[in-house]
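Just below is one structure, and these are the notes that go with it.
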Amino acid sequence: MTVVGGALLGTLSLATPLLLAALGETVVQRSGVVNVGLEGMMLTGAFAAFVGTVLSVHLPYHLLGADPNPYFGLVVAVLAGMLIALVFALFVVRLAANQVVVGVVVNLLALGLTGTLLRTLPRTGGGFLQTQALPQIFFNQTILTPLAFIAVPCVWWWLFRTRRGLELRACGEQPVAAEAAGIPVMRRRTAAILFGGAMAGLAGAFLSVGDVPTFQEGMSAGRGFIALAIVTSGRWNPWGCLIAALVFGFTDRLQIQGQAIGLHIPHDLLLALPYIATLLILAFGSGWSVSPAALGRPYRRT
Amino acid sequence: MNTLPLPTTDVTPPSLPMRTLRFLLQIAGYTLGFLLLLGLTFLALRIPAAEALRSLWTGAFGDAQNGHLAALSNTLIETTPLVLTGLGVVVAWRAGLFSIGGEGQLLMGALAATALAKVGGHLPAPLLTVLMVLVATLSGAVWGALAGWLRVRRNVQEVISTIMLNYVAKFVVSWLVLGVLQEHTHHNPQSESLPNTVLFARLLPRQWSDNMQTSLHGGVFLALLAVLVIAVALYRTPMGFGLRVMGQNAEAARAAHFPVDALRMRAMAISGGLCGLAGVIELLGSSTGSLPANDFSSGWGYTAVPVALLGGLHPGGTLLSALFFGALTAGCRNLSQFQGVPTVLIYLIQGMAVLAVVGGRASRARRTGSETE
Amino acid sequence: MQSGGDAGAKRDLPLPTDGVSPSRLTMRGIRKRYGATVALNQVDFEAQPGEVHALLGENGAGKSTLMQILAGLTHLDAGEIELDGVRVAIRSPREARRHGIAMVHQHFTLVPAFTVAENLALDTPSTGWQGLKPYRAPSAAAQALDYARSLGWELPAETRVSELSVGTQQRVEIVKALATEARLLIFDEPTAVLSRNEIEELFHVLRQLRDSGKTVLLIAHKLAEILAVADRVTVLRRGVRVASAPVAETDAEQLAAWMIGPALSAAPKAINSPASMAVAQRRLSPALEGKGIRVRGDRGEWALHDLSFTLARGEILGIGGVDGNGQTELAEALTGLRSMESETLTWEARPFQPGIAPRIGYIPQDRRRIGLATTMSVSDNLLFDAVRESEFRRGPFLRSKALGALAATMIQDFDIRTAGPDLPASALSGGNQQKIVVARALRGQPDLIVAMNPTRGLDIGATRFVHSQLRQARDQRAAIVLISTDLDELAALADRTAILSDGQLTEIDLHAADETQLGLLLGGVPQATISEVEPNA
């Protein structure tokens with residue numbers, strides 16, 4: 001494996017969870033909702049995937065075999081993400097509570113819930129839980145990576161080339177106009193939030209069963225916030241998210257491999273680069289597309 | 001001529017005694033609900049609930065056997081940074097700015113203080129301490145003002161910008177502490193330890209706590225002072241008044257000629273300064289005064305949000321709320337003796353508590369049709 | 001655009017069975033209250049296919065309310081609506097659309113960030129799998145764009161709405177309405193934002209629509225426009241239908257008279273007279289003099305062009321006119337919240353510096369949105385300005401006791417009915433909320449007071465109170481600009497009156513002019529010959 005090839009694959013791999021979460025969040029923000037709780041949803045997905053895989057040995061169907069099945073874990077992760085998203089939607093859409101507040105609380109809840117439940121799992125061996133990771137399909141990647149990359153054009157196409165996508169974007173730009181056109185804004189926003197939760201669940205699953213099967217407290221380590229940055233610097237466009245996610249993944253990879261190559265830039269600054277870039281784009285990128293006009297404002301049907 | 005007396009208002013408010021009673025009942029309700037939830041959680045974790053609860057209490061407040069002072073000292077230590085970062089949230093959110101930049105601001109504060117200590121090591125100890133505190137507060141203020149400037153001049157939403165700045169701060173700290181600020185042996189990923197004379201003194205003599213040195217330090221006074229200062233600033237100064245009006249109705253504030261842009265900058269600067277202060281206090285209150293390259297903060301900047309919310313975005317309430325969170329944290333440490341109780345349990349409980357309060361307020365607001373926070 | 005039986009079946013309207021062809025629209029006995037105010041009182045209205053029917057009236061006459069009921073934006077309290085002879089209930093805009101009714105709003109319901117094509121493609125929500133079908137906005141909007149072309153409009157399909165001129169935006173809005181296959185179109189003051197050329201083009205479109213058999217309802221207050229384009233006109237005054245007539249059989253004077261009603265009573269001025277006579281006896285020199293004032297509106301257009309007026313201390317200048325003629329912009333410009341250009345603008349012979357010379361008291365028109373912070377206490381709301389005065393500071397701190405005393409004094413002096421100063425302002429009735437705003441504006445004895453619709457939504461007691469406060473302020477030598485859509489209020493309070501129409505001021509003597517002249521002015525017919533009244537002649 002050449003250095004370049006390894007670097008490329010490593011980048012793809014590191015970018016995958018970020019991309020998945022960012023795609024979901026793009027849809028959510030396009031509908032007009034800010035989900036700061038993305039981090040918590042990813043963490044929940046990670047936990048759920050892990051637990052689901054561990055528990056899959058108890059499934060009755062012989063088809064799945066007696067071994068732990070990480071694909072089952074994926075399904076559980078998606079469901080768990082959607083469940084948290086449902087709670088989020090309840091507060092943010094139904095009750096029109098402040099989106100930032102609820103998002104921060106979701107993060108807290110997820111951290112506490114997953115950490116606590118982790119302790120309730122039965123232990124084997126030296127206190128570590130043994131289970132299986134997702135199998136690698138090609139180029140040492142799990143199924144999640146190509147899934148993420150295929151999702152980019154799919155989400156783009158859905159947002160910008162279908163009626164439903166147009167209507168969703170209208171909800172995020174001018175909900176009053178959307179409502180006047182007969183679009184049920186609250187319902188569409190809830191659906192978007194659920195989709196975001198599902199994607200966040202998948203992203204989290206990557207973390208726990210994507211490589212070495214493990215779960216630790218708080219293992220999302222701020223990736224949810226990075227995904228938020230990706231959505232913003234990607235200008236709420238799936239292709240932009242792809243580029244931003246690759247950049248983040250690349251710099252992440254650089255700082256791992258940097259010492260080997262002998263880079264002169266301190267790797268901490270490399271790590272900070274994407275965040276600084278996001279700030280600069282937000283501050284001075286006025287020529288680019290603007291955020292959905294109604295983003296973050298609670299909407300109540302009058 | 002109409003002889004009937006006109007009604008005074010459309011809504012007759014309850015009298016003061018009634019309101020106090022209602023408030024107390026609310027508190028009681030929340031507390032009971034909270035204890036119930038805790039008990040249920042323990043049961044679910046197959047932990048003896050009663051013992052666990054008592055253990056929690058002991059960890060926070062002590063009992064006859066295990067000195068009260070030691071426990072209280074722990075509680076207050078946990079409370080101190082939360083008070084300050086919580087106040088930071090109060091000031092910003094009251095002004096209508098949803099800043100979650102506490103982490104970054106406190107890091108920059110601690111960093112600036114560390115940098116000063118490095119170049120000013122020759123200065124006499126009390127002076128150095130004071131200067132470190134000042135520099136840290138200033139640095140935090142600048143970091144906050146940066147987000148404020150981005151909002152005022154470039155319309156960048158502070159939610160995103162403060163999160164970004166948190167990460168930048170984290171990496172700047174890591175870079176510098178592993179670089180020029182690293183301790184002289186270059187073995188450990190932290191800055192140089194500071195002499196005892198510079199650090200905050202321990203308040204409680206050993207004898208009072210079974211000859212075990214408690215870590216309660218002078219920073220707690222600074223935190224209390226900050227509560228007073230902010231309370232006065234918010235409610236007894238023209239700037240605080242303008243800030244509050246702006247947070248409630250920016251349009252009305254502008255129409256009444258309040259300097260909205262300047263107020264926003266000031267709010268972010270004050271908020272940042274408070275968190276910078278939290279950073280230096282934690283630095284000077286520690287046993288070595290050395291800044292680690294990573295994980296200096298236990299999430300005080302993020303926990304500040306539920307602290308402030310639970311405190312009703314009010315300085316006094318935030319103090320009480322921070323005490324609650326601090327007691328919970330200290331108490332939870334005592335639970336480690338029980339198998340299967342993670343420290344992250346705290347977060348779960350915090351989250352549920354805040355969700356309950358936020359949800360309660362939101363649904364009440366929805367019913368009365370007014371704006372939620 | 002299909003028509004005929006298919007359309008009828010699609011809209012679930014059974015075809016009428018009687019032989020006589022009924023009116024396209026019949027509204028009978030419509031009643032609507034907003035709290036204590038009666039917006040519509042037993043109003044009848046009917047319209048035919050193939051006509052342009054205008055609804056004329058002042059602010060508060062009820063024309064907007066009537067049309068909002070028809071468009072499903074609000075509900076009637078009593079009465080019935082028939083379409084083509086069939087009784088219908090219209091409970092939402094969606095239902096209105098199903099019945100073939102579409103409204104072109106004054107405040108557009110377009111998505112600014114979307115292109116024209118995207119906005120046009122947005123008209124009906126997709127259901128089920130239909131939503132996933134690929135579309136390209138221009139093709140989805142092709143029908144609508146073609147229709148626009150048939151009206152003579154070439155709409156720039158790929159341009160963002162936010163980048164279009166107001167006139168073009170309105171065209172998009174119109175095409176959106178038309179694309180719903182509506183047979184009845186309501187236009188709400190469509191000419192308010194248009195230039196002269198654009199107005200002509202709009203009229204052309206309205207005539208085209210009429211000729212194609214549609215019913216066009218036009219809410220308007222400009223007489224010249226009604227005479228130019230409408231076939232019939234119905235006049236409402238204070239919630240009552242006053243008259244309906246074919247336009248050909250009436251003229252501007254008649255319409256004006258119908259709109260305003262019987263001559264304004266002289267009584268209010270009589271109550272005034274001791275003070276006003278005293279004022280007349282004083283030799284007043286102008287304090288505020290402005291010439292060639294120009295102010296831009298929010299959309300970049302000139303809301304006021306070439307305004308000139310003078311105002312003396314101890315005088316109330318009333319500025320009347322229908323909403324949307326630049327009143328808000330004028331108020332904001334005078335109070336320093338909006339920039340303005342002028343040839344000359346002086347206060348007491350020195351440059352006009354709002355807030356410093358003159359000190360200003362402002363009573364804005366929307367108390368909930370910009371007058372008050374309703375979640376804060378009554379006391380806090382009263383003290384917005386006081387907290388910035390040195391008198392109430394001690395060093396960096398506020399003198400809370402003094403402020404509290406001030407608030408208590410204001411509550412008492414202005415008779416603000418509240419159970420306590422710490423109650424949130426939202427707990428007070430509308431009248432008392434307005435008293436807070438008035439109290440704050442008048443407290444510091446400002447030199448110049450700008451009051452905009454100060455008694456809107458208030459009951460008689462509160463109205464009388466506000467009026468007496470303004471008179472008192474005037475007697476204490478403040479200069480007052482009273483902007484109001486209520487002519488009675490102007491007649492009662494103003495020493496001089498001018499009508500603001502189309503960004504221009506025309507002076508008028510409310511008591512000398514008859515209702516025709518008034519109506520003409522309100523209706524936007526410039527009257528060069530109306531008597532020029534000197535201050536307090």
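Here's how to read the names in the structure tokens: chain A, B, ... by the order shown, residue numbers from 1 in each chain, ligand numbers from 1 in the order shown.
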**Prompt:** Which neighbours of stretch 96-104 of chain A fall inside 6 Å, counting only C-alpha atoms, when residues of the same chain fewer than 3 positions from it are skipped, and could you give them as a VMD selection string?
**Reply:** (chain A and resid 35 to 37 91 to 93 107 298) or (chain B and resid 362)
Any idea what's packed within 8 Å of C:Ser426, counting only C-alpha atoms, ignoring anything in its chain fewer than 2 positions away? Could you give it as a ChimeraX atom specification? /C:374-375,424,428-429,433
For those residues, write C-alpha atoms to a file as a tab-separated table (two decimals), in the first residue's frame.
```
chain	number	residue	atom	x	y	z
C	374	THR	CA	-43.53	42.93	27.05
C	375	THR	CA	-41.74	40.39	29.18
C	424	PRO	CA	-44.79	42.23	33.29
C	428	LEU	CA	-51.73	44.93	31.09
C	429	SER	CA	-54.56	45.72	28.75
C	433	GLN	CA	-49.71	49.32	27.60
```
Using only C-alpha atoms and a cut-off of 6 Å, which residues of chain C sit close to chain B? Please list them as a PyMOL selection string. chain C and resi 370-371+373+387+397-398+417-418+427-429
Considering only C-alpha atoms, return as a ChimeraX atom specification whatever protein or nucleic-acid residues lie within 12 Å of stretch 219-222 of chain B, sequence-local ones (same chain, fewer than 4 positions apart) excluded. /B:73-84,129-130,133,199-203,215,226-230,274,277-286,319,323
Would you kindly return, as a list in words, each protein, DNA or RNA residue with an atom no farther than 9 Å from any atom of C:Asp422, considering only C-alpha atoms and excluding same-chain residues fewer than 6 positions away?
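Neighbouring residues, sequence-local ones excluded: Met376, Ser377, Val378, Ser379 and Asp380 of chain C.
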Dump as a PDB file, in the first residue's frame, selection limited to C-alpha atoms:
```
ATOM      1  CA  MET C 376     -40.153  43.091  31.293  1.00  0.00           C
ATOM      2  CA  SER C 377     -41.893  44.866  34.102  1.00  0.00           C
ATOM      3  CA  VAL C 378     -44.059  47.944  33.733  1.00  0.00           C
ATOM      4  CA  SER C 379     -41.496  49.867  35.695  1.00  0.00           C
ATOM      5  CA  ASP C 380     -38.628  48.797  33.470  1.00  0.00           C
TER       6      ASP C 380
END
```
- Dump as a list in words the residues of chain A that approach chain B to within 6 Å, counting only C-alpha atoms.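 Close enough to count are Leu95, Ala97, Val105, Leu108, Leu109, Gly112, Leu113, Gly115, Thr116, Arg119, Asp268, Ala272, Tyr275 and Ala283 of chain A.
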Take the residues from that selection and write them out as a CSV table (one decimal), in the first residue's frame, keeping C-alpha atoms.
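Listed below is the output, again24.csv:
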```csv
chain,number,residue,atom,x,y,z
A,95,LEU,CA,-43.2,23.1,21.9
A,97,ALA,CA,-38.5,25.7,22.5
A,105,VAL,CA,-29.3,19.2,26.8
A,108,LEU,CA,-25.6,16.0,28.1
A,109,LEU,CA,-28.3,13.4,28.2
A,112,GLY,CA,-24.9,10.4,30.7
A,113,LEU,CA,-27.3,7.8,29.3
A,115,GLY,CA,-22.1,6.1,30.0
A,116,THR,CA,-24.5,4.8,32.6
A,119,ARG,CA,-22.0,-0.2,33.0
A,268,ASP,CA,-2.1,21.2,16.4
A,272,ALA,CA,-7.2,24.0,14.1
A,275,TYR,CA,-12.2,25.5,12.3
A,283,ALA,CA,-17.3,35.9,8.1
```
If you count only C-alpha atoms, the residue of C:Asn119, C:Ser339, C:Gln48, C:Thr65 closest to chain A turns out to be C:Asn119
| request: Write out as a ChimeraX atom specification every residue belonging to chain A that has an atom at most 7 Å from any atom of chain C, counting only C-alpha atoms. | output: /A:161-164,167,170,173-174,177,180-183
Generate a file of the selected residues that holds C-alpha atoms, formatted as a JSON list (two decimals), in the first residue's frame.
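Below you can see again-v4.json, which holds the result:
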```
[["chain", "number", "residue", "atom", "x", "y", "z"],
["A", 161, "ARG", "CA", -34.08, 18.17, -7.87],
["A", 162, "THR", "CA", -37.31, 16.97, -6.34],
["A", 163, "ARG", "CA", -40.49, 18.68, -5.28],
["A", 164, "ARG", "CA", -40.14, 17.46, -1.73],
["A", 167, "GLU", "CA", -40.68, 22.27, -0.25],
["A", 170, "ALA", "CA", -38.99, 26.57, 1.57],
["A", 173, "GLU", "CA", -36.26, 29.91, 4.13],
["A", 174, "GLN", "CA", -39.69, 31.32, 4.62],
["A", 177, "ALA", "CA", -44.71, 31.29, 2.55],
["A", 180, "ALA", "CA", -49.33, 29.58, 2.62],
["A", 181, "ALA", "CA", -48.51, 27.23, -0.22],
["A", 182, "GLY", "CA", -50.06, 24.45, 1.79],
["A", 183, "ILE", "CA", -46.89, 22.77, 3.02]]
```
C:Pro364: which residues within 8 Å, counting only C-alpha atoms, same-chain residues fewer than 4 positions away excluded, as a PDB file with N, CA and C atoms, in the first residue's frame?
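File produced: around_32.pdb:
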```pdb
ATOM      1  N   ALA C 331     -41.894  59.052  10.458  1.00  0.00           N
ATOM      2  CA  ALA C 331     -41.741  58.995  11.917  1.00  0.00           C
ATOM      3  C   ALA C 331     -40.333  58.562  12.291  1.00  0.00           C
ATOM      4  N   ILE C 370     -42.354  47.219  18.804  1.00  0.00           N
ATOM      5  CA  ILE C 370     -41.233  48.131  18.995  1.00  0.00           C
ATOM      6  C   ILE C 370     -41.409  49.109  20.130  1.00  0.00           C
ATOM      7  N   GLY C 371     -42.574  49.122  20.755  1.00  0.00           N
ATOM      8  CA  GLY C 371     -42.731  50.085  21.832  1.00  0.00           C
ATOM      9  C   GLY C 371     -42.296  49.537  23.175  1.00  0.00           C
ATOM     10  N   VAL C 450     -43.214  62.865  18.352  1.00  0.00           N
ATOM     11  CA  VAL C 450     -43.743  62.221  17.150  1.00  0.00           C
ATOM     12  C   VAL C 450     -44.642  61.089  17.610  1.00  0.00           C
ATOM     13  N   ALA C 451     -45.916  61.212  17.320  1.00  0.00           N
ATOM     14  CA  ALA C 451     -46.878  60.202  17.750  1.00  0.00           C
ATOM     15  C   ALA C 451     -47.500  59.580  16.520  1.00  0.00           C
ATOM     16  N   MET C 452     -47.456  58.262  16.446  1.00  0.00           N
ATOM     17  CA  MET C 452     -48.018  57.590  15.276  1.00  0.00           C
ATOM     18  C   MET C 452     -49.159  56.681  15.691  1.00  0.00           C
ATOM     19  N   ASN C 453     -50.308  56.999  15.207  1.00  0.00           N
ATOM     20  CA  ASN C 453     -51.512  56.251  15.574  1.00  0.00           C
ATOM     21  C   ASN C 453     -51.551  55.959  17.073  1.00  0.00           C
ATOM     22  N   PRO C 454     -51.473  56.981  17.897  1.00  0.00           N
ATOM     23  CA  PRO C 454     -51.316  56.742  19.339  1.00  0.00           C
ATOM     24  C   PRO C 454     -52.521  56.118  20.009  1.00  0.00           C
TER      25      PRO C 454
END
```
Students should find that atom CA of C:Asp509 and atom CA of C:Ser308 are spaced 17.0 Å
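Coordinates place atom CA of C:Ala491 at a distance of 6.2 Å from atom CA of C:Leu510.
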Got a sec to tell me which of stretch 154-226 of chain B DSSP assigns to alpha helix (DSSP H), as a ChimeraX atom specification?
/B:154,158-177,219-226
Taking 2 positions as the minimum chain separation for residues in the same chain, which residues sit within 9 Å of C:Ala220 when counting only C-alpha atoms? Answer as a CSV table (one decimal) with N, CA and C atoms, in the first residue's frame.
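Listed below is the output, result_34.csv:
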```csv
chain,number,residue,atom,x,y,z
C,54,ALA,N,-63.9,47.2,-7.3
C,54,ALA,CA,-63.0,47.8,-6.3
C,54,ALA,C,-63.7,47.9,-5.0
C,55,LEU,N,-62.9,47.8,-3.9
C,55,LEU,CA,-63.4,48.0,-2.6
C,55,LEU,C,-62.7,49.2,-2.0
C,56,LEU,N,-63.5,50.2,-1.8
C,56,LEU,CA,-62.9,51.5,-1.4
C,56,LEU,C,-63.2,51.8,0.1
C,57,GLY,N,-62.2,52.4,0.8
C,57,GLY,CA,-62.5,52.8,2.2
C,57,GLY,C,-61.2,53.3,2.8
C,58,GLU,N,-61.4,54.0,3.9
C,58,GLU,CA,-60.2,54.4,4.7
C,58,GLU,C,-59.6,53.2,5.5
C,63,LYS,N,-62.4,46.8,4.6
C,63,LYS,CA,-62.2,46.2,3.3
C,63,LYS,C,-61.2,45.0,3.4
C,187,PHE,N,-56.8,41.5,-5.1
C,187,PHE,CA,-55.5,42.2,-5.1
C,187,PHE,C,-55.6,43.2,-3.9
C,188,ASP,N,-54.6,43.1,-3.0
C,188,ASP,CA,-54.6,43.9,-1.8
C,188,ASP,C,-53.7,45.1,-2.0
C,189,GLU,N,-54.2,46.3,-2.3
C,189,GLU,CA,-53.4,47.5,-2.4
C,189,GLU,C,-52.2,47.3,-3.3
C,190,PRO,N,-52.4,46.8,-4.5
C,190,PRO,CA,-51.3,46.4,-5.3
C,190,PRO,C,-50.4,47.5,-5.8
C,191,THR,N,-51.0,48.7,-5.9
C,191,THR,CA,-50.2,49.8,-6.4
C,191,THR,C,-49.3,50.5,-5.4
C,218,LEU,N,-60.5,44.4,-6.1
C,218,LEU,CA,-59.3,45.2,-5.9
C,218,LEU,C,-59.5,46.1,-4.6
C,222,LYS,N,-56.9,54.6,-3.6
C,222,LYS,CA,-56.6,55.7,-4.5
C,222,LYS,C,-57.7,55.9,-5.5
C,223,LEU,N,-58.4,57.0,-5.4
C,223,LEU,CA,-59.6,57.2,-6.2
C,223,LEU,C,-59.2,57.2,-7.7
C,225,GLU,N,-57.0,55.6,-9.3
C,225,GLU,CA,-56.8,54.3,-9.9
C,225,GLU,C,-58.1,53.6,-10.0
C,226,ILE,N,-59.0,53.7,-9.0
C,226,ILE,CA,-60.3,53.0,-9.1
C,226,ILE,C,-61.0,53.5,-10.3
C,523,GLY,N,-57.6,59.9,-1.2
C,523,GLY,CA,-57.6,59.0,-2.4
C,523,GLY,C,-56.5,59.3,-3.3
```
I'd like to know which of A:Ile243, A:Val51, A:Leu38, A:Ile230 is closest to A:Leu279, using only C-alpha atoms.
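That would be A:Ile230, the residue with the smallest distance to A:Leu279.
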Min atom-atom distance to A:Gly40 from the set A:Thr114, A:Ser291, A:Gln216, A:Gln141, counting only C-alpha atoms, belongs to A:Thr114
**OP:** For stretch 249-252 of chain A, work out the shell of residues within 9 Å, counting only C-alpha atoms and skipping chain neighbours fewer than 3 positions away, then give it as a list in words.
**Re:** Ala7, Leu8, Gly10, Thr11, Leu12, Ser13, Leu14, Ala15, Thr16, Leu18, Ala244, Ala245, Leu246, Gln255, Ile256, Gln257, His267, Leu270, Leu271, Leu273 and Pro274 of chain A
Please produce a file of those selected residues containing C-alpha atoms, as a PDB file, in the first residue's frame.
```pdb
ATOM      1  CA  ALA A   7      -3.274   8.418   3.063  1.00  0.00           C
ATOM      2  CA  LEU A   8      -6.198   8.603   0.702  1.00  0.00           C
ATOM      3  CA  GLY A  10      -7.228   6.858   5.648  1.00  0.00           C
ATOM      4  CA  THR A  11      -8.769  10.167   4.737  1.00  0.00           C
ATOM      5  CA  LEU A  12     -11.862   8.540   3.386  1.00  0.00           C
ATOM      6  CA  SER A  13     -12.177   6.490   6.465  1.00  0.00           C
ATOM      7  CA  LEU A  14     -11.822   9.374   8.855  1.00  0.00           C
ATOM      8  CA  ALA A  15     -14.179  11.457   6.808  1.00  0.00           C
ATOM      9  CA  THR A  16     -16.961   8.892   6.761  1.00  0.00           C
ATOM     10  CA  LEU A  18     -18.276  13.238   9.651  1.00  0.00           C
ATOM     11  CA  ALA A 244     -15.250  19.905   3.821  1.00  0.00           C
ATOM     12  CA  ALA A 245     -15.422  16.415   5.294  1.00  0.00           C
ATOM     13  CA  LEU A 246     -12.520  15.299   3.146  1.00  0.00           C
ATOM     14  CA  GLN A 255      -1.587  14.957  11.995  1.00  0.00           C
ATOM     15  CA  ILE A 256      -1.322  11.225  12.448  1.00  0.00           C
ATOM     16  CA  GLN A 257       1.136  10.768   9.651  1.00  0.00           C
ATOM     17  CA  HIS A 267       0.042  19.408  13.878  1.00  0.00           C
ATOM     18  CA  LEU A 270      -3.267  21.735  11.256  1.00  0.00           C
ATOM     19  CA  LEU A 271      -6.033  20.466  13.441  1.00  0.00           C
ATOM     20  CA  LEU A 273      -7.139  24.863  10.405  1.00  0.00           C
ATOM     21  CA  PRO A 274     -10.600  23.577   9.470  1.00  0.00           C
TER      22      PRO A 274
END
```
